Amino acid sequence: MADEFVIVKDLVKSFKDFKAVDGVSFSIFKGEVFGLLGPNGAGKTTTIRMLSTVLEADSGDITIGGHSVKKDAAAVRSIIGVCPQELALYDDLSALDNMVFFGHMAGMDSKTAYTQAMKNLELMGLEDRAKGKISKYSGGMKRRINLAIALMGNPQLLFLDEPTVGIDPQSRNNIFENIQSLQKQGLTVLYTTHYMEEADKLCQRIAIMDGGKIIAMDTPHNLKKQIGNPDKVTLEDVS
Amino acid sequence: MKNLKHIWYIALKDLKIFVQDRPALFFSIVFPFLFVILFNSIMGGVGSKDDRLTLHLTTQETTGGLSYQIIGAIETKDQSALKPGAPIVIWDKNYETDRQAVLDGKLDGFLNFPVDFTQSLTSGSKTELEIFADASATNTRAALQGISGAITSQLNANLAIINASAQLLTMNGATPAEVQAVIQQIQSQVFGNTGAQTSYLSFTTQEVGNVEARNSSNWVIPGYLVMFVFMAAATSAPDIVKERKNNTLERLFSTSAKRESILGGIYTGIALKGLIQIIIFWAAGILIFHVDLGLSPLAVIILSLLMVIMSSAFAVMLATLASSIRSASSLAVITSLILAPLGGCWWPAFLYPEWLQNMAKITPHAWATSAFNKLMVFGADFGDVVWSMVALLVFTVVFGAIAIWQFRVSDR
């Protein structure tokens with residue numbers, strides 16, 4: 001894991017007077033699952049939006065797979081997959097149609113897109129619901145499809161922005177298993193969450209964000225050592 | 001090539017969603033035809049036929065008079081052979097019956113030849129054709145006057161020939177007996193005898209263009225086509241806002257599809273829906289409502305396509321200006337319902353006062369409907385509607401420029 005696949009330097013983004021991201025720097029090694037941990041409003045999603053070329057940074061540099069986001073956004077887009085925090089699906093289309101469509105958008109021809117879509121649906125355990133309309137899916141199933149779409153086009157880097165928010169344990173486990181399996185295949189992942197245990201379970205390294213800044217960055221083990229055991233609560237009698 | 005593929009896939013996806021959306025299909029395709037049928041019925045019946053005038057002629061002469069030959073020549077023997085606009089001419093045998101029918105309001109009017117018609121003509125005395133008609137039956141009166149005018153002018157011309165021939169013979173020293181013999185010969189040739197097969201009297205009906213008279217569909221359908229193509233496109237604006245709100249647009253933007261391809265795909269999707277609409281509109285218009293595209297069907301087709309591309313540009317612009325799905329829906333309906341009547345889609349704009357007609361020119365609807373009316377109702381040609389086409393193009397460019405300038409993939 002010596003190669004730095006993602007390099008982020010002094011990233012800044014403001015919305016009017018509010019500084020959402022304030023001088024963030026980190027790097028992600030190839031094949032690594034890197035976690036961005038923090039409460040809501042910490043700046044995790046804004047960071048991912050800048051990395052995925054959707055939002056332009058006020059300042060700072062981002063390099064992904066050797067391509068500068070600022071100078072060669074098209075090349076960056078061709079090697080990334082994004083699973084946004086909010087479900088980004090066409091409710092009136094079937095899961096298969098959604099996936100084939102995004103496969104086309106990733107540059108696949110129809111046959112390849114169909115094959116890949118069926119493979120991803122199988123991965124998510126939803127192959128028997130391939131032709132069902134998204135509007136008829138449960139929240140957990142939608143989350144899985146949301147992830148499956150991000151994998152269309154065989155990306156080298158996957159952005160997962162809180163992919164397990166509000167879902168059932170079965171779907172959560174399915175997503176975890178898939179992320180671990182994909183990592184074994186060499187996929188690099190940037191995973192954001194505000195659940196410590198998720199980051200602990202999936203990520204090799206974690207950056208803790210708050211107020212638009214990275215306040216700590218290390219392996220889960222080292223971080224836990226720094227902040228102590230969060231499960232251990234000490235009560236003092238002050239009376 | 002890759003960009004074009006992206007445009008096509010996005011357009012195809014939107015078309016698929018549209019086809020699966022039954023209410024949208026109903027309001028875009030079926031609902032406009034309910035309107036057209038309703039208003040077409042009010043304005044003169046579905047696919048109304050060519051309304052012909054029926055003209056009645058009588059004579060008070062005895063059998064063998066010249067009027068018998070004239071009426072026999074112009075009487076309609078086979079209605080199926082009549083050209084568009086030609087009247088049906090009926091020979092009624094009884095003057096008093098027709099007169100009473102007019103007085104009773106059962107007949108609009110008739111033209112009568114007096115009892116001394118042939119005698120007066122041949123002796124050089126004056127005679128008068130009588131038109132007996134209801135004062136309010138202006139069309140029938142005008143047509144009967146037209147026929148009587150044609151008859152009298154033709155007879156006067158023939159009498160002038162006879163008189164001139166007589167004077168010429170006299171000047172050349174012919175005796176009165178010789179002159180009389182020649183006059184009788186000319187009279188017999190010109191007026192003929194009863195039962196003569198050929199007639200000096202002929203009528204021709206000139207048809208201007210291919211426009212059938214009084215088919216209300218010729219202006220009802222283009223008006224509603226303009227209104228509903230625009231409305232269907234405008235009501236696509238909330239769908240674009242929805243894509244922005246549910247993050248699919250942002251997701252698209254993070255794929256290898258370029259911004260211009262995404263915008264082009266959305267635009268093409270709306271335009272394809274419009275294209276389907278106009279194909280159905282014109283096919284049904286021609287096959288069911290018997291509309292006539294006029295002298296320049298090409299101009300009608302180009303105008304329809306311009307209407308589609310202009311409306312699509314408007315829809316994308318509306319989506320970029322609206323901040324929410326609800327505001328996009330409201331704006332789409334309001335603009336459609338204001339611009340349509342103002343632009344002459346519900347009734348002809350030439351009925352408006354001049355200031356309103358001038359005001360209507362700020363709407364693309366007015367340019368489109370007036371051009372369709374010129375082509376399909378007033379027999380205009382391609383060249384007469386070029387400025388309307390240019391105006392629609394200008395609207396397209398303006399709407400499109402605003403759409404490109406303001407287009408965004410997210411409201412965050």
# chains A, B, ... in the order shown; residues from 1 in each chain; ligands from 1
>>> residues_around(residues="Lys245 in chain B", least_positions_apart="4", cutoff="12 Å", atoms="only C-alpha atoms", output="short mmCIF file (atom, residue, chain, number, x, y, z; two decimals) with C-alpha atoms, in the first residue's frame")
data_model
loop_
_atom_site.label_atom_id
_atom_site.label_comp_id
_atom_site.auth_asym_id
_atom_site.auth_seq_id
_atom_site.Cartn_x
_atom_site.Cartn_y
_atom_site.Cartn_z
CA GLU A 86 -28.89 10.61 -0.56
CA LEU A 87 -30.38 7.98 -2.81
CA ALA A 88 -29.75 9.04 -6.40
CA LEU A 89 -32.01 6.69 -8.33
CA TYR A 90 -34.77 6.91 -10.94
CA PRO B 238 -40.49 20.00 -12.81
CA ASP B 239 -38.96 16.65 -13.83
CA ILE B 240 -35.60 18.34 -14.39
CA VAL B 241 -35.88 20.10 -11.02
CA LEU B 249 -28.33 14.99 -11.91
CA GLU B 250 -25.33 15.36 -9.61
CA ARG B 251 -24.66 11.65 -9.91
CA ALA B 319 -36.10 24.36 -14.79
CA ALA B 322 -37.22 27.49 -10.70
CA SER B 323 -35.96 26.75 -7.21
CA SER B 324 -38.40 23.96 -6.39
CA ILE B 325 -40.52 21.32 -8.09
CA ARG B 326 -43.67 23.11 -7.02
CA ARG B 408 -26.82 23.64 -12.43
CA VAL B 409 -26.72 20.05 -11.25
CA SER B 410 -27.43 20.72 -7.60
CA ASP B 411 -29.08 23.30 -5.36
CA ARG B 412 -26.62 22.60 -2.54
#
>>> residues_around(residues="Thr45 in chain A", least_positions_apart="6", cutoff="9 Å", atoms="only C-alpha atoms", output="PyMOL selection string")
chain A and resi 84-85+161-162+192
>>> closest_atom_pairs(of="chain B", to="chain A", cutoff="6 Å", atoms="only C-alpha atoms", output="CSV")
residue,atom,partner,partner_atom,distance
B:Asn246,CA,A:Ala88,CA,5.8
B:Asn247,CA,A:Ala88,CA,5.0
B:Thr248,CA,A:Ala88,CA,4.6
B:Ser254,CA,A:Arg77,CA,5.9
B:Thr255,CA,A:Arg77,CA,5.4
B:Ser256,CA,A:Arg77,CA,5.2
B:Ala257,CA,A:Met105,CA,5.9
>>> write_last_selection(atoms="N, CA and C atoms", output="PDB file, in the first residue's frame")
ATOM      1  N   ASN B 246     -33.301  15.163  -6.360  1.00  0.00           N
ATOM      2  CA  ASN B 246     -33.041  13.809  -5.861  1.00  0.00           C
ATOM      3  C   ASN B 246     -31.628  13.324  -6.205  1.00  0.00           C
ATOM      4  N   ASN B 247     -30.794  14.246  -6.611  1.00  0.00           N
ATOM      5  CA  ASN B 247     -29.344  14.014  -6.784  1.00  0.00           C
ATOM      6  C   ASN B 247     -28.933  13.162  -7.984  1.00  0.00           C
ATOM      7  N   THR B 248     -29.907  12.760  -8.803  1.00  0.00           N
ATOM      8  CA  THR B 248     -29.513  11.957  -9.966  1.00  0.00           C
ATOM      9  C   THR B 248     -28.715  12.810 -10.953  1.00  0.00           C
ATOM     10  N   SER B 254     -21.024  13.208 -12.041  1.00  0.00           N
ATOM     11  CA  SER B 254     -19.782  12.583 -11.569  1.00  0.00           C
ATOM     12  C   SER B 254     -19.369  11.400 -12.448  1.00  0.00           C
ATOM     13  N   THR B 255     -20.174  11.129 -13.487  1.00  0.00           N
ATOM     14  CA  THR B 255     -19.786  10.073 -14.439  1.00  0.00           C
ATOM     15  C   THR B 255     -18.949  10.721 -15.549  1.00  0.00           C
ATOM     16  N   SER B 256     -18.598   9.920 -16.542  1.00  0.00           N
ATOM     17  CA  SER B 256     -17.762  10.488 -17.602  1.00  0.00           C
ATOM     18  C   SER B 256     -18.564  11.340 -18.588  1.00  0.00           C
ATOM     19  N   ALA B 257     -19.898  11.473 -18.353  1.00  0.00           N
ATOM     20  CA  ALA B 257     -20.708  12.334 -19.233  1.00  0.00           C
ATOM     21  C   ALA B 257     -20.379  13.801 -18.968  1.00  0.00           C
TER      22      ALA B 257
END
>>> select_by_dssp(residues="range 23-179 of chain A", states="strand (DSSP E)", output="PyMOL selection string")
chain A and resi 23-29+33-37+59-64+67-68+80-83+157-161
>>> atom_distance(atom1="CA of Lys9 in chain A", atom2="CA of Phe34 in chain A")
15.9 Å
>>> closest_residue(among="B:Leu287, B:Leu303, B:Leu82, B:Ala271", to="Leu375 in chain B", atoms="only C-alpha atoms")
B:Leu303
>>> residues_around(residues="range 90-93 of chain B", least_positions_apart="2", cutoff="9 Å", atoms="only C-alpha atoms", output="short mmCIF file (atom, residue, chain, number, x, y, z; two decimals) with C-alpha atoms, in the first residue's frame")
data_model
loop_
_atom_site.label_atom_id
_atom_site.label_comp_id
_atom_site.auth_asym_id
_atom_site.auth_seq_id
_atom_site.Cartn_x
_atom_site.Cartn_y
_atom_site.Cartn_z
CA THR B 54 -77.73 25.62 -52.88
CA LEU B 55 -79.15 28.01 -55.47
CA HIS B 56 -82.69 27.76 -56.87
CA LEU B 57 -83.70 28.97 -60.33
CA THR B 58 -87.19 29.27 -61.84
CA THR B 59 -88.68 30.54 -65.10
CA GLN B 60 -92.14 31.90 -65.88
CA ILE B 71 -81.20 26.92 -66.67
CA GLY B 72 -80.72 23.53 -68.31
CA ILE B 74 -76.22 25.46 -65.42
CA GLU B 75 -78.45 23.09 -63.45
CA THR B 76 -76.44 20.61 -61.34
CA LYS B 77 -76.89 17.14 -62.71
CA ILE B 88 -75.55 23.25 -56.22
CA TYR B 95 -92.28 30.35 -59.28
CA THR B 97 -94.04 27.84 -54.66
CA ASP B 98 -90.48 29.19 -54.37
#
>>> atom_distance(atom1="CA of Arg129 in chain A", atom2="CA of His6 in chain B")
26.5 Å
